[in-house]
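For reference, the structure is listed below as structure tokens.
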Amino acid sequence: MKPRPVRGFIVADVAFPLFKWLVYALLAANVVLYGMHGTVNEQLDTAAWVVLLLLFEWETGGWRLGPRGRVVVHATRLLASLAVVTACAAYAAQREWLDFANALAWLGVVVALELEVRVPPTRRRFHLARRALAFGLYAALTAFLVAWLLIGIAERDAGAWLDAWDAALWLLAFAAIELNVFGWGAPRGARG
């Protein structure tokens with residue numbers, strides 16, 4: 001499958017970009033929800049991921065950046081990445097194993113997506129392995145969502161419900177990104 005020439009959130013169809021931006025807006029609202037009902041680490045983690053998500057959209061959207069703009073984007077990406085890794089380490093230090101496993105799986109998904117975008121499409125076996133890995137990671141992330149739902153039901157834990165809601169939104173956001181990378185929603189002539 002050839003990558004489509006223009007990636008990002010600008011496509012001919014209006015529904016797909018609206019869907020994505022709705023999910024992204026809900027994720028941004030989650031930063032506020034974690035500020036009100038979660039831990040500082042959860043808020044930092046969510047905020048950093050929202051920044052990385054928007055930067056990934058920007059970078060794959062085909063917009064040109066001048067040298068200063070590239071420096072700003074790369075510096076922001078580095079800071080957000082450090083915040084995500086710091087939050088992941090904090091989950092481990094606090095023995096929040098479900099959050100830690102979830103954070104590690106998301107880091108794996110991002111690495112898999114970066115490889116999809118940056119490795120030439122001619123490396124078919126590599127991309128098949130990457131897709132199998134991504135499928136496994138998404139299956140694990142879905143299992144974490146179910147675990148938070150079950151914890152929320154069994155313990156009537158509002159934090160678990162917030163984590164389940166957050167997990168569902170992130171799965172939707174990354175499904176949209178995966179669809180974007182593979183050209184879904186692009187004009188018919190632009191699909192690979």
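All residue names refer to the structure tokens as shown: chains lettered A, B, ... in order, residues numbered from 1 in each chain, ligands numbered from 1 in order.
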Task: Contact residues around region 91-101 of chain A with only C-alpha atoms at 12 Å, ignoring same-chain residues under 5 positions, as JSON, numbers by chain - done: {"A": [39, 40, 41, 42, 44, 45, 46, 84, 85, 86, 106, 107, 108, 137, 140, 141, 143, 144, 145, 146, 147, 148, 151, 159, 160, 163, 164, 166, 167]}
Create the file for the chosen residues now, containing N, CA and C atoms and written as an mmCIF file, in the first residue's frame.
```cif
data_model
loop_
_atom_site.group_PDB
_atom_site.id
_atom_site.type_symbol
_atom_site.label_atom_id
_atom_site.label_comp_id
_atom_site.auth_asym_id
_atom_site.auth_seq_id
_atom_site.Cartn_x
_atom_site.Cartn_y
_atom_site.Cartn_z
ATOM 1 N N THR A 39 -4.950 12.662 39.425
ATOM 2 C CA THR A 39 -3.692 13.043 40.065
ATOM 3 C C THR A 39 -2.946 14.022 39.168
ATOM 4 N N VAL A 40 -1.963 14.671 39.731
ATOM 5 C CA VAL A 40 -1.122 15.583 38.942
ATOM 6 C C VAL A 40 -0.434 14.804 37.825
ATOM 7 N N ASN A 41 0.025 13.596 38.132
ATOM 8 C CA ASN A 41 0.681 12.772 37.132
ATOM 9 C C ASN A 41 -0.246 12.432 35.972
ATOM 10 N N GLU A 42 -1.508 12.101 36.279
ATOM 11 C CA GLU A 42 -2.473 11.798 35.218
ATOM 12 C C GLU A 42 -2.742 13.025 34.353
ATOM 13 N N LEU A 44 -0.641 15.597 33.868
ATOM 14 C CA LEU A 44 0.567 15.815 33.070
ATOM 15 C C LEU A 44 0.618 14.842 31.895
ATOM 16 N N ASP A 45 0.342 13.581 32.173
ATOM 17 C CA ASP A 45 0.359 12.536 31.152
ATOM 18 C C ASP A 45 -0.626 12.855 30.033
ATOM 19 N N THR A 46 -1.856 13.170 30.401
ATOM 20 C CA THR A 46 -2.889 13.454 29.403
ATOM 21 C C THR A 46 -2.563 14.710 28.595
ATOM 22 N N VAL A 84 5.708 12.564 28.963
ATOM 23 C CA VAL A 84 5.057 11.254 28.857
ATOM 24 C C VAL A 84 5.917 10.175 29.511
ATOM 25 N N VAL A 85 7.200 10.182 29.231
ATOM 26 C CA VAL A 85 8.101 9.186 29.814
ATOM 27 C C VAL A 85 8.183 9.374 31.333
ATOM 28 N N THR A 86 8.219 10.630 31.786
ATOM 29 C CA THR A 86 8.237 10.914 33.222
ATOM 30 C C THR A 86 6.971 10.385 33.887
ATOM 31 N N TRP A 106 0.970 2.492 24.972
ATOM 32 C CA TRP A 106 0.815 3.673 24.129
ATOM 33 C C TRP A 106 2.158 4.119 23.553
ATOM 34 N N LEU A 107 3.212 4.020 24.330
ATOM 35 C CA LEU A 107 4.541 4.341 23.784
ATOM 36 C C LEU A 107 4.867 3.411 22.621
ATOM 37 N N GLY A 108 4.514 2.140 22.754
ATOM 38 C CA GLY A 108 4.722 1.191 21.653
ATOM 39 C C GLY A 108 3.918 1.547 20.417
ATOM 40 N N LEU A 137 -0.879 -4.393 20.351
ATOM 41 C CA LEU A 137 -0.891 -3.276 21.295
ATOM 42 C C LEU A 137 -2.298 -2.717 21.469
ATOM 43 N N ALA A 140 -4.272 -5.012 23.641
ATOM 44 C CA ALA A 140 -3.925 -4.812 25.056
ATOM 45 C C ALA A 140 -4.586 -3.544 25.599
ATOM 46 N N LEU A 141 -4.565 -2.485 24.823
ATOM 47 C CA LEU A 141 -5.180 -1.223 25.261
ATOM 48 C C LEU A 141 -6.688 -1.372 25.445
ATOM 49 N N ALA A 143 -8.102 -4.181 26.306
ATOM 50 C CA ALA A 143 -8.225 -4.962 27.543
ATOM 51 C C ALA A 143 -8.079 -4.057 28.773
ATOM 52 N N PHE A 144 -7.188 -3.069 28.707
ATOM 53 C CA PHE A 144 -7.035 -2.131 29.830
ATOM 54 C C PHE A 144 -8.318 -1.330 30.026
ATOM 55 N N LEU A 145 -8.930 -0.913 28.912
ATOM 56 C CA LEU A 145 -10.201 -0.177 28.997
ATOM 57 C C LEU A 145 -11.246 -1.033 29.711
ATOM 58 N N VAL A 146 -11.343 -2.302 29.322
ATOM 59 C CA VAL A 146 -12.303 -3.215 29.950
ATOM 60 C C VAL A 146 -11.972 -3.385 31.433
ATOM 61 N N ALA A 147 -10.687 -3.484 31.762
ATOM 62 C CA ALA A 147 -10.295 -3.620 33.173
ATOM 63 C C ALA A 147 -10.761 -2.407 33.977
ATOM 64 N N TRP A 148 -10.575 -1.206 33.441
ATOM 65 C CA TRP A 148 -11.031 -0.004 34.154
ATOM 66 C C TRP A 148 -12.551 0.009 34.298
ATOM 67 N N ILE A 151 -13.347 -2.436 37.093
ATOM 68 C CA ILE A 151 -12.985 -1.838 38.378
ATOM 69 C C ILE A 151 -14.019 -0.778 38.758
ATOM 70 N N GLY A 159 -12.566 7.291 39.618
ATOM 71 C CA GLY A 159 -11.285 7.389 38.914
ATOM 72 C C GLY A 159 -11.157 6.337 37.824
ATOM 73 N N ALA A 160 -11.648 5.138 38.107
ATOM 74 C CA ALA A 160 -11.605 4.067 37.101
ATOM 75 C C ALA A 160 -12.514 4.397 35.923
ATOM 76 N N ASP A 163 -10.697 6.876 33.859
ATOM 77 C CA ASP A 163 -9.645 6.189 33.100
ATOM 78 C C ASP A 163 -10.234 5.415 31.917
ATOM 79 N N ALA A 164 -11.393 4.777 32.120
ATOM 80 C CA ALA A 164 -12.039 4.040 31.025
ATOM 81 C C ALA A 164 -12.491 4.998 29.924
ATOM 82 N N ASP A 166 -11.242 7.951 29.273
ATOM 83 C CA ASP A 166 -10.014 8.439 28.652
ATOM 84 C C ASP A 166 -9.442 7.403 27.679
ATOM 85 N N ALA A 167 -9.423 6.145 28.104
ATOM 86 C CA ALA A 167 -8.910 5.073 27.242
ATOM 87 C C ALA A 167 -9.739 4.948 25.968
#
```
Task: Counting only C-alpha atoms, the residue of A:Leu162, A:Val109, A:Leu172, A:Leu53 that sits nearest Gly35 (chain A) - done: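 Ranking A:Leu162, A:Val109, A:Leu172, A:Leu53 by distance to Gly35 (chain A), first place goes to A:Leu162.
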TODO: Name all residues at most 9 Å from Ala83 (chain A) (count only C-alpha atoms; drop same-chain ones fewer than 5 positions away) and give them as a list in words.
DONE: Leu44, Asp45, Ala47, Ala48, Trp49, Leu78 and Cys88 of chain A
Pull C-alpha atoms from the residues just selected and write them as an mmCIF file, in the first residue's frame.
```cif
data_model
loop_
_atom_site.group_PDB
_atom_site.id
_atom_site.type_symbol
_atom_site.label_atom_id
_atom_site.label_comp_id
_atom_site.auth_asym_id
_atom_site.auth_seq_id
_atom_site.Cartn_x
_atom_site.Cartn_y
_atom_site.Cartn_z
ATOM 1 C CA LEU A 44 0.567 15.815 33.070
ATOM 2 C CA ASP A 45 0.359 12.536 31.152
ATOM 3 C CA ALA A 47 -1.782 17.008 28.571
ATOM 4 C CA ALA A 48 1.521 15.799 27.114
ATOM 5 C CA TRP A 49 -0.246 13.171 24.996
ATOM 6 C CA LEU A 78 10.788 16.763 22.952
ATOM 7 C CA CYS A 88 5.162 6.484 32.782
#
```
Open item on the list: as a ChimeraX atom specification, please: the residues near Arg130 (chain A) (cut-off 9 Å, only C-alpha atoms, same-chain neighbours under 5 positions excluded).
Closed with: /A:112-113,115-116,125,135
Go ahead and write the selection's residues with C-alpha atoms as a PDB file, in the first residue's frame.
```pdb
ATOM      1  CA  ALA A 112       4.843   1.716  15.527  1.00  0.00           C
ATOM      2  CA  LEU A 113       3.102   4.721  13.938  1.00  0.00           C
ATOM      3  CA  LEU A 115       7.844   3.615  11.783  1.00  0.00           C
ATOM      4  CA  GLU A 116       4.810   3.359   9.495  1.00  0.00           C
ATOM      5  CA  ARG A 125       7.594  -7.514   5.503  1.00  0.00           C
ATOM      6  CA  PHE A 135      -2.833  -4.905  16.451  1.00  0.00           C
TER       7      PHE A 135
END
```
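Nearest to Leu133 (chain A) of all the residues A:Val111, A:Ala29, A:Leu149, A:Val119 is A:Val111, based on only C-alpha atoms.
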Task: Which of region 1-190 of chain A fall in alpha helix (DSSP H), as a ChimeraX atom specification - done: /A:15-37,40-60,67-93,97-118,124-155,158-181
- [ ] Would you work out the distance separating CA of Ala75 (chain A) from CA of Ala134 (chain A), expressed in Å to one decimal?
- [x]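 According to the coordinates, CA of Ala75 (chain A) and CA of Ala134 (chain A) are separated by 26.8 Å.
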